[in-house]
file my_file-v4.txt (compact mmCIF, C-alpha atoms and all ligand atoms)
# COMPACT_ATOMS: atom_id res chain seq x y z
CA MET Z 1 -39.07 187.97 163.76
CA LYS Z 2 -40.93 188.07 167.03
CA TYR Z 3 -40.82 191.02 169.38
CA ARG Z 4 -41.06 191.40 173.16
CA LYS Z 5 -41.52 194.43 175.39
CA LEU Z 6 -38.39 195.78 177.07
CA GLY Z 7 -39.75 196.40 180.57
CA LYS Z 8 -41.29 199.77 181.25
CA THR Z 9 -39.82 201.33 178.11
CA ASN Z 10 -42.69 199.75 176.18
CA TRP Z 11 -40.31 199.32 173.24
CA GLN Z 12 -41.06 196.20 171.21
CA ILE Z 13 -37.66 194.70 170.57
CA SER Z 14 -36.58 191.66 168.58
CA GLU Z 15 -36.42 188.49 170.68
CA ILE Z 16 -33.14 187.69 169.00
CA SER Z 17 -31.18 190.89 168.75
CA LEU Z 18 -27.48 191.52 168.15
CA GLY Z 19 -24.39 191.94 170.30
CA THR Z 20 -21.47 193.74 168.67
CA TRP Z 21 -18.44 193.05 170.83
CA GLN Z 22 -16.91 191.08 167.95
CA VAL Z 23 -18.62 192.84 165.03
CA GLY Z 24 -16.03 193.66 162.39
CA GLY Z 25 -14.09 190.43 162.78
CA LYS Z 26 -12.95 187.95 165.30
CA TRP Z 27 -12.10 189.08 168.80
CA GLY Z 28 -8.67 190.69 168.79
CA SER Z 29 -8.30 190.88 165.00
CA PRO Z 30 -8.15 194.25 163.16
CA PHE Z 31 -11.56 195.90 162.74
CA ASP Z 32 -13.09 195.36 159.31
CA HIS Z 33 -15.61 198.19 158.74
CA GLN Z 34 -17.11 196.59 155.64
CA SER Z 35 -17.77 193.30 157.43
CA ALA Z 36 -19.20 195.16 160.44
CA GLU Z 37 -21.63 197.12 158.25
CA TYR Z 38 -22.59 193.97 156.35
CA ILE Z 39 -23.43 192.13 159.59
CA LEU Z 40 -25.35 195.12 160.98
CA ASN Z 41 -27.37 195.65 157.78
CA THR Z 42 -28.11 191.94 157.48
CA ALA Z 43 -29.34 191.88 161.06
CA ILE Z 44 -31.65 194.85 160.43
CA ASP Z 45 -32.87 193.36 157.12
CA SER Z 46 -33.81 190.26 159.13
CA GLY Z 47 -36.00 192.25 161.53
CA ILE Z 48 -33.50 192.84 164.35
CA ASN Z 49 -34.24 196.25 165.86
CA PHE Z 50 -32.08 196.25 169.00
CA ILE Z 51 -28.29 196.42 168.92
CA ASP Z 52 -25.98 196.24 171.90
CA THR Z 53 -22.57 197.91 171.74
CA ALA Z 54 -20.13 199.62 174.13
CA ASP Z 55 -17.67 202.48 174.03
CA VAL Z 56 -14.79 200.06 174.62
CA TYR Z 57 -15.59 197.51 171.90
CA SER Z 58 -12.79 197.67 169.31
CA ALA Z 59 -11.72 200.99 170.83
CA GLY Z 60 -14.95 202.73 169.84
CA MET Z 61 -15.15 201.34 166.29
CA SER Z 62 -18.11 199.11 167.12
CA GLU Z 63 -20.08 202.16 168.30
CA THR Z 64 -19.04 204.13 165.23
CA ALA Z 65 -20.17 201.36 162.87
CA VAL Z 66 -23.48 200.90 164.72
CA GLY Z 67 -24.20 204.64 164.60
CA LYS Z 68 -23.33 204.89 160.90
CA VAL Z 69 -25.60 202.02 159.88
CA VAL Z 70 -28.48 203.05 162.14
CA ARG Z 71 -28.39 206.60 160.78
CA GLN Z 72 -28.59 205.25 157.22
CA ARG Z 73 -31.67 203.13 157.93
CA SER Z 74 -35.26 204.35 157.92
CA GLU Z 75 -36.54 201.78 160.49
CA LYS Z 76 -36.41 202.59 164.19
CA ILE Z 77 -33.41 200.71 165.57
CA TYR Z 78 -32.79 200.86 169.30
CA VAL Z 79 -29.14 201.38 170.19
CA ALA Z 80 -27.92 200.24 173.58
CA THR Z 81 -24.41 201.21 174.55
CA LYS Z 82 -22.40 201.14 177.76
CA CYS Z 83 -20.08 203.29 179.81
CA GLY Z 84 -17.62 202.94 182.65
CA ARG Z 85 -15.07 200.42 181.45
CA GLN Z 86 -12.75 203.12 180.15
CA LEU Z 87 -12.00 204.03 183.74
CA ASP Z 88 -8.47 202.97 184.52
CA PRO Z 89 -8.10 201.73 187.17
CA HIS Z 90 -11.65 200.43 187.03
CA THR Z 91 -12.53 201.15 190.68
CA ASN Z 92 -15.49 202.43 192.64
CA GLU Z 93 -13.59 205.68 193.35
CA ALA Z 94 -13.09 206.27 189.62
CA TYR Z 95 -16.86 206.25 189.04
CA GLN Z 96 -17.65 209.98 189.19
CA PRO Z 97 -20.57 211.77 187.53
CA ALA Z 98 -18.29 214.07 185.52
CA ALA Z 99 -16.39 211.13 184.00
CA LEU Z 100 -19.57 209.25 183.14
CA ARG Z 101 -21.11 212.35 181.58
CA ARG Z 102 -18.04 212.70 179.37
CA PHE Z 103 -18.33 209.05 178.27
CA VAL Z 104 -21.97 209.59 177.29
CA GLU Z 105 -21.05 212.68 175.30
CA ASP Z 106 -18.23 210.79 173.56
CA SER Z 107 -20.64 207.95 172.65
CA LEU Z 108 -23.07 210.50 171.19
CA GLN Z 109 -20.26 211.89 169.09
CA ARG Z 110 -18.99 208.49 167.90
CA THR Z 111 -22.45 207.22 166.97
CA GLY Z 112 -23.59 210.54 165.50
CA LEU Z 113 -26.96 210.00 167.17
CA GLU Z 114 -28.93 212.81 168.81
CA THR Z 115 -29.77 210.68 171.82
CA LEU Z 116 -28.71 207.28 173.16
CA ASP Z 117 -31.75 205.01 173.46
CA LEU Z 118 -30.23 203.01 176.29
CA ILE Z 119 -27.01 203.63 178.21
CA GLN Z 120 -25.89 200.81 180.48
CA LEU Z 121 -23.41 200.92 183.33
CA HIS Z 122 -20.83 198.40 182.12
CA CYS Z 123 -20.28 195.92 184.96
CA PRO Z 124 -19.20 198.46 187.58
CA PRO Z 125 -17.72 197.31 190.91
CA SER Z 126 -20.40 196.28 193.45
CA GLU Z 127 -19.97 199.45 195.58
CA VAL Z 128 -21.22 201.61 192.69
CA TYR Z 129 -24.70 200.09 193.05
CA TYR Z 130 -24.92 201.68 196.50
CA ARG Z 131 -24.33 205.26 195.24
CA PRO Z 132 -27.56 207.08 194.33
CA GLU Z 133 -25.61 210.03 192.90
CA ILE Z 134 -24.40 207.80 190.07
CA PHE Z 135 -27.94 206.75 189.16
CA GLY Z 136 -29.16 210.35 189.65
CA LEU Z 137 -26.72 211.60 187.01
CA PHE Z 138 -28.55 209.60 184.35
CA GLU Z 139 -31.85 211.22 185.32
CA ARG Z 140 -30.28 214.59 184.49
CA LEU Z 141 -28.86 213.25 181.22
CA ARG Z 142 -32.35 212.03 180.36
CA GLU Z 143 -33.85 215.46 181.08
CA GLU Z 144 -31.19 216.98 178.83
CA GLY Z 145 -32.21 214.57 176.05
CA LYS Z 146 -28.79 212.92 175.83
CA ILE Z 147 -30.19 209.52 176.76
CA GLN Z 148 -33.65 207.99 176.70
CA HIS Z 149 -33.13 205.34 179.37
CA LEU Z 150 -30.64 203.85 181.83
CA GLY Z 151 -29.84 200.16 182.21
CA VAL Z 152 -27.13 198.14 183.92
CA SER Z 153 -24.97 195.29 182.71
CA VAL Z 154 -24.10 193.13 185.70
CA GLU Z 155 -21.77 190.29 186.59
CA LYS Z 156 -23.67 188.95 189.59
CA VAL Z 157 -27.31 188.33 190.46
CA GLU Z 158 -26.83 190.33 193.69
CA GLN Z 159 -25.80 193.40 191.68
CA ALA Z 160 -28.89 193.00 189.51
CA LEU Z 161 -31.17 192.80 192.55
CA LYS Z 162 -29.62 195.97 193.98
CA ALA Z 163 -29.71 197.87 190.67
CA ILE Z 164 -33.43 197.39 190.14
CA GLU Z 165 -34.15 199.23 193.38
CA TYR Z 166 -33.44 202.43 191.40
CA SER Z 167 -36.64 203.46 189.67
CA ASN Z 168 -34.81 204.81 186.60
CA VAL Z 169 -33.15 201.47 185.80
CA VAL Z 170 -35.24 200.01 182.98
CA SER Z 171 -33.15 196.98 182.03
CA VAL Z 172 -30.57 194.53 183.30
CA GLN Z 173 -28.12 192.83 180.97
CA ILE Z 174 -27.04 189.52 182.48
CA ILE Z 175 -25.45 186.22 181.45
CA PHE Z 176 -28.08 183.50 181.14
CA ASN Z 177 -27.83 180.25 179.20
CA LEU Z 178 -27.95 176.50 179.67
CA PHE Z 179 -24.65 176.78 181.60
CA ARG Z 180 -25.64 179.81 183.71
CA GLN Z 181 -28.99 179.37 185.38
CA ARG Z 182 -28.92 181.15 188.73
CA PRO Z 183 -30.74 184.27 187.41
CA THR Z 184 -33.95 182.18 187.35
CA ASP Z 185 -33.79 181.43 191.09
CA LEU Z 186 -34.94 184.87 192.23
CA PHE Z 187 -33.87 187.63 189.89
CA PHE Z 188 -36.23 186.88 186.98
CA LYS Z 189 -39.25 187.10 189.26
CA ARG Z 190 -38.10 190.33 190.92
CA ALA Z 191 -37.34 191.96 187.56
CA GLN Z 192 -40.76 191.02 186.26
CA GLN Z 193 -42.45 192.42 189.38
CA ARG Z 194 -40.71 195.75 188.76
CA ASP Z 195 -41.27 195.64 185.00
CA VAL Z 196 -37.52 195.70 184.36
CA GLY Z 197 -36.37 194.32 181.01
CA ILE Z 198 -33.90 191.43 180.88
CA ILE Z 199 -31.28 191.47 178.14
CA VAL Z 200 -29.46 188.13 177.91
CA ARG Z 201 -25.80 188.29 176.96
CA VAL Z 202 -23.26 185.51 176.29
CA PRO Z 203 -26.18 183.21 175.35
CA LEU Z 204 -23.87 180.77 173.56
CA ALA Z 205 -21.25 180.70 176.32
CA SER Z 206 -18.86 182.54 173.96
CA GLY Z 207 -19.66 180.04 171.21
CA LEU Z 208 -19.08 176.91 173.30
CA LEU Z 209 -22.78 176.05 173.13
CA THR Z 210 -22.69 175.93 169.34
CA GLY Z 211 -20.84 172.59 169.53
CA ARG Z 212 -18.23 173.81 167.02
CA TYR Z 213 -15.21 173.72 169.29
CA SER Z 214 -13.04 170.83 170.44
CA SER Z 215 -9.99 170.33 172.62
CA SER Z 216 -7.82 171.09 169.58
CA THR Z 217 -9.54 174.40 168.72
CA VAL Z 218 -7.00 177.23 168.77
CA PHE Z 219 -8.20 180.72 169.68
CA GLY Z 220 -6.12 183.73 168.62
CA LYS Z 221 -3.78 185.15 171.26
CA ASP Z 222 -5.82 188.40 171.39
CA ASP Z 223 -9.12 186.51 171.73
CA HIS Z 224 -10.45 186.53 175.32
CA ARG Z 225 -11.19 182.82 174.89
CA PHE Z 226 -7.42 182.40 174.90
CA PHE Z 227 -6.26 184.97 177.45
CA ASN Z 228 -9.16 185.27 179.91
CA ARG Z 229 -9.97 181.65 180.72
CA ASP Z 230 -8.85 182.21 184.31
CA GLY Z 231 -10.14 185.78 184.56
CA ALA Z 232 -6.69 187.32 184.03
CA ALA Z 233 -8.07 190.38 182.16
CA PHE Z 234 -11.68 190.73 183.38
CA ASP Z 235 -14.34 188.68 185.15
CA LYS Z 236 -13.79 184.99 184.45
CA GLY Z 237 -17.54 184.57 184.10
CA GLU Z 238 -17.58 186.47 180.78
CA THR Z 239 -15.50 183.82 178.98
CA PHE Z 240 -17.31 180.55 178.24
CA ALA Z 241 -19.81 181.77 180.87
CA GLY Z 242 -17.22 180.87 183.52
CA ILE Z 243 -17.12 177.15 182.71
CA ASN Z 244 -13.88 175.25 182.58
CA TYR Z 245 -13.35 174.70 178.84
CA GLU Z 246 -12.85 170.93 178.99
CA LYS Z 247 -15.85 170.51 181.27
CA GLY Z 248 -17.87 172.61 178.83
CA LEU Z 249 -16.87 170.32 175.96
CA GLU Z 250 -17.99 167.30 177.96
CA ALA Z 251 -21.35 168.96 178.58
CA VAL Z 252 -21.68 169.90 174.90
CA ASP Z 253 -21.04 166.27 173.90
CA ARG Z 254 -24.03 165.26 176.00
CA LEU Z 255 -26.06 168.00 174.35
CA LYS Z 256 -25.10 166.68 170.91
CA ALA Z 257 -26.36 163.26 171.93
CA ILE Z 258 -29.82 164.75 172.66
CA PHE Z 259 -29.91 166.43 169.23
CA PRO Z 260 -27.97 164.04 166.96
CA ALA Z 261 -29.34 165.60 163.76
CA ALA Z 262 -28.27 169.15 164.63
CA GLU Z 263 -25.15 170.35 162.82
CA ASN Z 264 -25.04 173.47 164.93
CA LEU Z 265 -26.44 173.67 168.46
CA ALA Z 266 -26.65 177.49 168.50
CA PRO Z 267 -30.34 177.69 167.50
CA ILE Z 268 -31.23 175.12 170.16
CA ALA Z 269 -29.27 176.97 172.86
CA LEU Z 270 -31.10 180.20 171.98
CA GLN Z 271 -34.46 178.44 171.83
CA TRP Z 272 -33.88 177.12 175.35
CA ILE Z 273 -33.41 180.72 176.59
CA LEU Z 274 -36.53 182.01 174.82
CA ARG Z 275 -38.67 179.53 176.78
CA PHE Z 276 -38.42 182.01 179.67
CA PRO Z 277 -41.05 184.74 179.26
CA GLU Z 278 -39.16 187.06 181.64
CA VAL Z 279 -36.41 187.43 179.01
CA SER Z 280 -36.91 190.53 176.85
CA CYS Z 281 -34.26 189.72 174.27
CA ILE Z 282 -31.09 187.77 173.59
CA ILE Z 283 -28.03 189.46 172.11
CA PRO Z 284 -25.81 186.77 170.56
CA GLY Z 285 -22.63 188.13 169.04
CA ALA Z 286 -21.76 187.32 165.43
CA SER Z 287 -18.28 187.28 163.95
CA ARG Z 288 -19.58 186.25 160.53
CA VAL Z 289 -22.75 187.22 158.68
CA GLU Z 290 -23.95 183.60 158.34
CA GLN Z 291 -24.29 183.41 162.10
CA ILE Z 292 -27.20 185.89 162.00
CA ALA Z 293 -29.42 183.59 159.93
CA SER Z 294 -28.31 180.58 161.91
CA ASN Z 295 -29.28 182.25 165.19
CA LEU Z 296 -32.59 183.48 163.83
CA SER Z 297 -33.44 179.96 162.69
CA SER Z 298 -34.12 179.17 166.35
CA LEU Z 299 -37.46 180.99 165.88
CA GLN Z 300 -38.49 178.41 163.27
CA ARG Z 301 -37.62 175.31 165.25
CA PRO Z 302 -40.30 172.96 166.57
CA GLU Z 303 -40.83 173.38 170.31
CA LEU Z 304 -38.43 171.53 172.59
CA SER Z 305 -40.14 168.46 174.04
CA GLU Z 306 -40.42 167.96 177.79
CA ALA Z 307 -38.02 165.04 177.52
CA GLN Z 308 -35.44 167.17 175.69
CA VAL Z 309 -35.73 169.97 178.24
CA ALA Z 310 -35.33 167.49 181.10
CA ALA Z 311 -32.27 165.93 179.47
CA MET Z 312 -30.75 169.38 178.95
CA GLN Z 313 -31.42 170.24 182.59
CA ALA Z 314 -29.72 167.03 183.71
CA ILE Z 315 -26.53 168.18 181.96
CA TYR Z 316 -26.56 171.34 184.07
CA GLU Z 317 -27.29 169.49 187.29
CA ASP Z 318 -24.70 166.75 186.68
CA LEU Z 319 -21.77 168.69 185.24
CA ILE Z 320 -22.12 172.45 185.54
CA LYS Z 321 -24.10 173.60 188.56
CA ALA Z 322 -21.54 172.82 191.25
CA GLU Z 323 -18.90 174.79 189.33
CA VAL Z 324 -20.76 178.03 188.72
CA HIS Z 325 -24.08 178.33 190.51
CA HIS Z 326 -22.68 179.92 193.69
CA LEU Z 327 -20.39 182.35 191.88
CA TRP Z 328 -22.55 184.58 189.74
N1 LIG Z 401 -19.94 193.00 180.28
C1 LIG Z 401 -20.80 193.11 179.31
O1 LIG Z 401 -21.66 193.96 179.34
C2 LIG Z 401 -20.71 192.16 178.15
C3 LIG Z 401 -19.81 191.09 178.19
C4 LIG Z 401 -19.84 190.18 177.15
C5 LIG Z 401 -20.71 190.35 176.09
N2 LIG Z 401 -21.56 191.42 176.05
C6 LIG Z 401 -22.50 191.62 174.93
O2 LIG Z 401 -23.18 190.40 174.70
C7 LIG Z 401 -22.99 189.98 173.35
C8 LIG Z 401 -23.00 188.48 173.28
O3 LIG Z 401 -22.00 187.89 174.08
P1 LIG Z 401 -20.69 187.23 173.44
O4 LIG Z 401 -20.56 187.67 172.06
O5 LIG Z 401 -19.58 187.48 174.38
O6 LIG Z 401 -20.99 185.66 173.52
P2 LIG Z 401 -21.96 184.70 172.70
O7 LIG Z 401 -23.02 185.48 172.04
O8 LIG Z 401 -22.30 183.64 173.66
O9 LIG Z 401 -20.96 184.05 171.63
C9 LIG Z 401 -20.63 184.73 170.45
C10 LIG Z 401 -19.72 183.84 169.61
O10 LIG Z 401 -20.40 182.63 169.31
C11 LIG Z 401 -20.12 182.24 167.98
N3 LIG Z 401 -21.40 182.18 167.24
C12 LIG Z 401 -22.44 183.05 167.32
N4 LIG Z 401 -23.47 182.60 166.57
C13 LIG Z 401 -23.06 181.43 166.01
C14 LIG Z 401 -23.69 180.51 165.13
N5 LIG Z 401 -24.94 180.64 164.72
N6 LIG Z 401 -22.98 179.43 164.75
C15 LIG Z 401 -21.71 179.24 165.17
N7 LIG Z 401 -21.06 180.08 166.00
C16 LIG Z 401 -21.75 181.17 166.42
C17 LIG Z 401 -19.15 183.22 167.40
O11 LIG Z 401 -17.85 182.67 167.67
P3 LIG Z 401 -16.61 182.80 166.67
O12 LIG Z 401 -16.05 184.13 167.02
O13 LIG Z 401 -15.74 181.65 167.08
O14 LIG Z 401 -17.15 182.72 165.28
C18 LIG Z 401 -19.38 184.45 168.25
O15 LIG Z 401 -18.26 185.28 168.34
C19 LIG Z 401 -21.67 190.67 172.93
O16 LIG Z 401 -21.52 190.78 171.54
C20 LIG Z 401 -21.81 192.00 173.62
O17 LIG Z 401 -22.66 192.86 172.87
C21 LIG Z 401 -21.58 192.32 177.08

call {"tool": "encode", "arguments": {"input": "my_file-v4.txt", "output": "C-alpha cells"}}
result
Amino acid sequence: MKYRKLGKTNWQISEISLGTWQVGGKWGSPFDHQSAEYILNTAIDSGINFIDTADVYSAGMSETAVGKVVRQRSEKIYVATKCGRQLDPHTNEAYQPAALRRFVEDSLQRTGLETLDLIQLHCPPSEVYYRPEIFGLFERLREEGKIQHLGVSVEKVEQALKAIEYSNVVSVQIIFNLFRQRPTDLFFKRAQQRDVGIIVRVPLASGLLTGRYSSSTVFGKDDHRFFNRDGAAFDKGETFAGINYEKGLEAVDRLKAIFPAAENLAPIALQWILRFPEVSCIIPGASRVEQIASNLSSLQRPELSEAQVAAMQAIYEDLIKAEVHHLW
C-alpha cells in the first residue's frame, strides 16, 4: 500500500481506500453483516486505513459495521462519515445546528467510537455553503472532542470552491474519474494551495469503468443504477458519474481497445486517477471481497504510457466532455 497526506490533517491515508455505500451486499439488497465485516477486515488486512461511510448508508448499518470492525482492530483506522441527508425535506432551511449535532451524536452511538475522525457535510444544498453558523457548529463539536475534523462532500466544483474558504474544512469529497474531469480545471489547484485534502468518490463511475456491464446488464430495482439514471431520487451525477449509460458503454468499448489484454478495467481507471498528485485518496466501493484485491492491483501496474494517457483523454474529449463538463 502507498499512503498520501490528507491535507492539513497530516494523516497518512491509503491511496486506495474504501467506500462503504454498498458494503454488506449489492445496492438495495438486504444488509449482510458477515459479508460487510469480511470486506472491511480484508481491506484493513491489505493496508487500507481510511474508510468512508455515512449515517444513511443501509439505514445506519454501514456505520455500525464500520465501527464494530474498527473497534476490534489494533491499527489506527480513520473513519470518515457524513451527516445531513437524513433531513427530510433535504432543504437549506432544514440545515440547523441542533439537527446536525444530533446526527453527529447518533453516528457516535452507532459506531461506538469516542470521536469521529472526519465528519463530512453530505452534499448539502448550495445555500448551506454560505452559512458560517453551520461550519462554526463543527468547531464547537471539535472542541468537545466529538469530532476531529470537518470535511464536505460536494456535487459541484463551485460548492467545493466555496467550502474551502472555511478554515476548518480539511477535505473535499468529489467525483473525479476519466468521465468527470472538471475538478482539474481550477479546484485541484485551489485545494492544494489551501492544503485541503481531496477524497475521490465514484472513481469507477458506479462500476461502468470496470468494463463489466453491457446493454443487457440488469440492475436490481432497488439499485440506484436502475432508478436514478435520470436523477429521479438524488443528483443524477452520482449514478454512472452522470453519463448516459449507452454513451458510457460506447466510451468503455474504446477504452477496452486501448487495453485489449485487460479483463477488468477497474485497476486502470484507478491508476489514471492516482496520476494526479493533488488527490489524497480514492474510495472505490466494493460489493464483493474480490473487488478489494482487484482495485489494489492498480498499485502494481506498470505506469501508463503517454500514448495510452492521450488515447484515454481523446475518449473524454470526443464522447463525454460535451455531456457533463458544464454540469458539475
Ligand atoms: N454523496 C456522497 O457523498 C457519495 C455519493 C456516492 C458515493 N459516495 C462514496 O463513494 C464510494 C464510491 O462510490 P460508488 O461506490 O458510488 O461508485 P464506484 O466506486 O465508482 O463503483 C462501485 C461499484 O463498482 C463495482 N466495482 C468496484 N470495484 C470493482 C472491481 N475491482 N471489479 C469489478 N467491479 C468493481 C461494484 O459494482 P457491483 O455492485 O456491480 O459489483 C461496486 O459496487 C461509496 O461507496 C461511498 O462511500 C459518496

call {"tool": "residues_around", "arguments": {"input": "my_file-v4.txt", "residues": "Gly24 in chain Z", "least_positions_apart": "6", "cutoff": "7 Å", "atoms": "all atoms listed in the file", "output": "ChimeraX atom specification"}}
result
/Z:31-33,35-36,287

call {"tool": "write_last_selection", "arguments": {"input": "my_file-v4.txt", "atoms": "C-alpha atoms", "output": "PDB file, in the coordinates of the input"}}
result
ATOM      1  CA  PHE Z  31     -11.560 195.900 162.740  1.00  0.00           C
ATOM      2  CA  ASP Z  32     -13.090 195.360 159.310  1.00  0.00           C
ATOM      3  CA  HIS Z  33     -15.610 198.190 158.740  1.00  0.00           C
ATOM      4  CA  SER Z  35     -17.770 193.300 157.430  1.00  0.00           C
ATOM      5  CA  ALA Z  36     -19.200 195.160 160.440  1.00  0.00           C
ATOM      6  CA  SER Z 287     -18.280 187.280 163.950  1.00  0.00           C
TER       7      SER Z 287
END

call {"tool": "residues_around", "arguments": {"input": "my_file-v4.txt", "residues": "Gln300 in chain Z", "least_positions_apart": "5", "cutoff": "10 Å", "atoms": "only C-alpha atoms", "output": "number ranges by chain"}}
result
Z: 1, 267, 271

call {"tool": "closest_residue", "arguments": {"input": "my_file-v4.txt", "among": "Z:Thr115, Z:Thr9, Z:Ser126, Z:Thr20", "to": "ligand LIG 401 (chain Z)", "atoms": "only C-alpha atoms and all ligand atoms"}}
result
Z:Thr20

call {"tool": "residues_near_ligand", "arguments": {"input": "my_file-v4.txt", "ligand": "ligand LIG 401 (chain Z)", "cutoff": "7 Å", "atoms": "only C-alpha atoms and all ligand atoms", "output": "PyMOL selection string"}}
result
chain Z and resi 18-22+26-27+52-53+122-123+153-154+173+201-207+210+212+238+264+266-267+283-288+291-292+294-295

call {"tool": "residues_near_point", "arguments": {"input": "my_file-v4.txt", "point": "(-31.5, 178.1, 177.0)", "cutoff": "9 Å", "atoms": "only C-alpha atoms", "output": "ChimeraX atom specification"}}
result
/Z:176-179,181,203-204,268-276,312

call {"tool": "write_last_selection", "arguments": {"input": "my_file-v4.txt", "atoms": "C-alpha atoms", "output": "compact mmCIF listing (two decimals), in the frame of the given file"}}
result
# COMPACT_ATOMS: atom_id res chain seq x y z
CA PHE Z 176 -28.08 183.50 181.14
CA ASN Z 177 -27.83 180.25 179.20
CA LEU Z 178 -27.95 176.50 179.67
CA PHE Z 179 -24.65 176.78 181.60
CA GLN Z 181 -28.99 179.37 185.38
CA PRO Z 203 -26.18 183.21 175.35
CA LEU Z 204 -23.87 180.77 173.56
CA ILE Z 268 -31.23 175.12 170.16
CA ALA Z 269 -29.27 176.97 172.86
CA LEU Z 270 -31.10 180.20 171.98
CA GLN Z 271 -34.46 178.44 171.83
CA TRP Z 272 -33.88 177.12 175.35
CA ILE Z 273 -33.41 180.72 176.59
CA LEU Z 274 -36.53 182.01 174.82
CA ARG Z 275 -38.67 179.53 176.78
CA PHE Z 276 -38.42 182.01 179.67
CA MET Z 312 -30.75 169.38 178.95

call {"tool": "residues_around", "arguments": {"input": "my_file-v4.txt", "residues": "Gln96 in chain Z", "least_positions_apart": "4", "cutoff": "9 Å", "atoms": "all atoms listed in the file", "output": "list in words"}}
result
Asn92, Leu100, Arg101, Glu133 and Ile134 of chain Z

call {"tool": "axis_aligned_box", "arguments": {"input": "my_file-v4.txt", "around": "range 22-29 of chain Z", "padding_each_side": "4 Å", "output": "AutoDock Vina command-line options"}}
result
--center_x -13.5 --center_y 190.8 --center_z 165.6 --size_x 18.3 --size_y 13.7 --size_z 14.4

call {"tool": "residues_around", "arguments": {"input": "my_file-v4.txt", "residues": "range 220-234 of chain Z", "least_positions_apart": "5", "cutoff": "9 Å", "atoms": "all atoms listed in the file", "output": "JSON list (two decimals) with C-alpha atoms, in the coordinates of the input"}}
result
[["chain", "number", "residue", "atom", "x", "y", "z"],
["Z", 26, "LYS", "CA", -12.95, 187.95, 165.30],
["Z", 27, "TRP", "CA", -12.10, 189.08, 168.80],
["Z", 28, "GLY", "CA", -8.67, 190.69, 168.79],
["Z", 29, "SER", "CA", -8.30, 190.88, 165.00],
["Z", 206, "SER", "CA", -18.86, 182.54, 173.96],
["Z", 239, "THR", "CA", -15.50, 183.82, 178.98],
["Z", 240, "PHE", "CA", -17.31, 180.55, 178.24],
["Z", 242, "GLY", "CA", -17.22, 180.87, 183.52],
["Z", 243, "ILE", "CA", -17.12, 177.15, 182.71],
["Z", 244, "ASN", "CA", -13.88, 175.25, 182.58],
["Z", 245, "TYR", "CA", -13.35, 174.70, 178.84]]

call {"tool": "atom_distance", "arguments": {"input": "my_file-v4.txt", "atom1": "CA of Val79 in chain Z", "atom2": "CA of Ile44 in chain Z"}}
result
12.0 Å
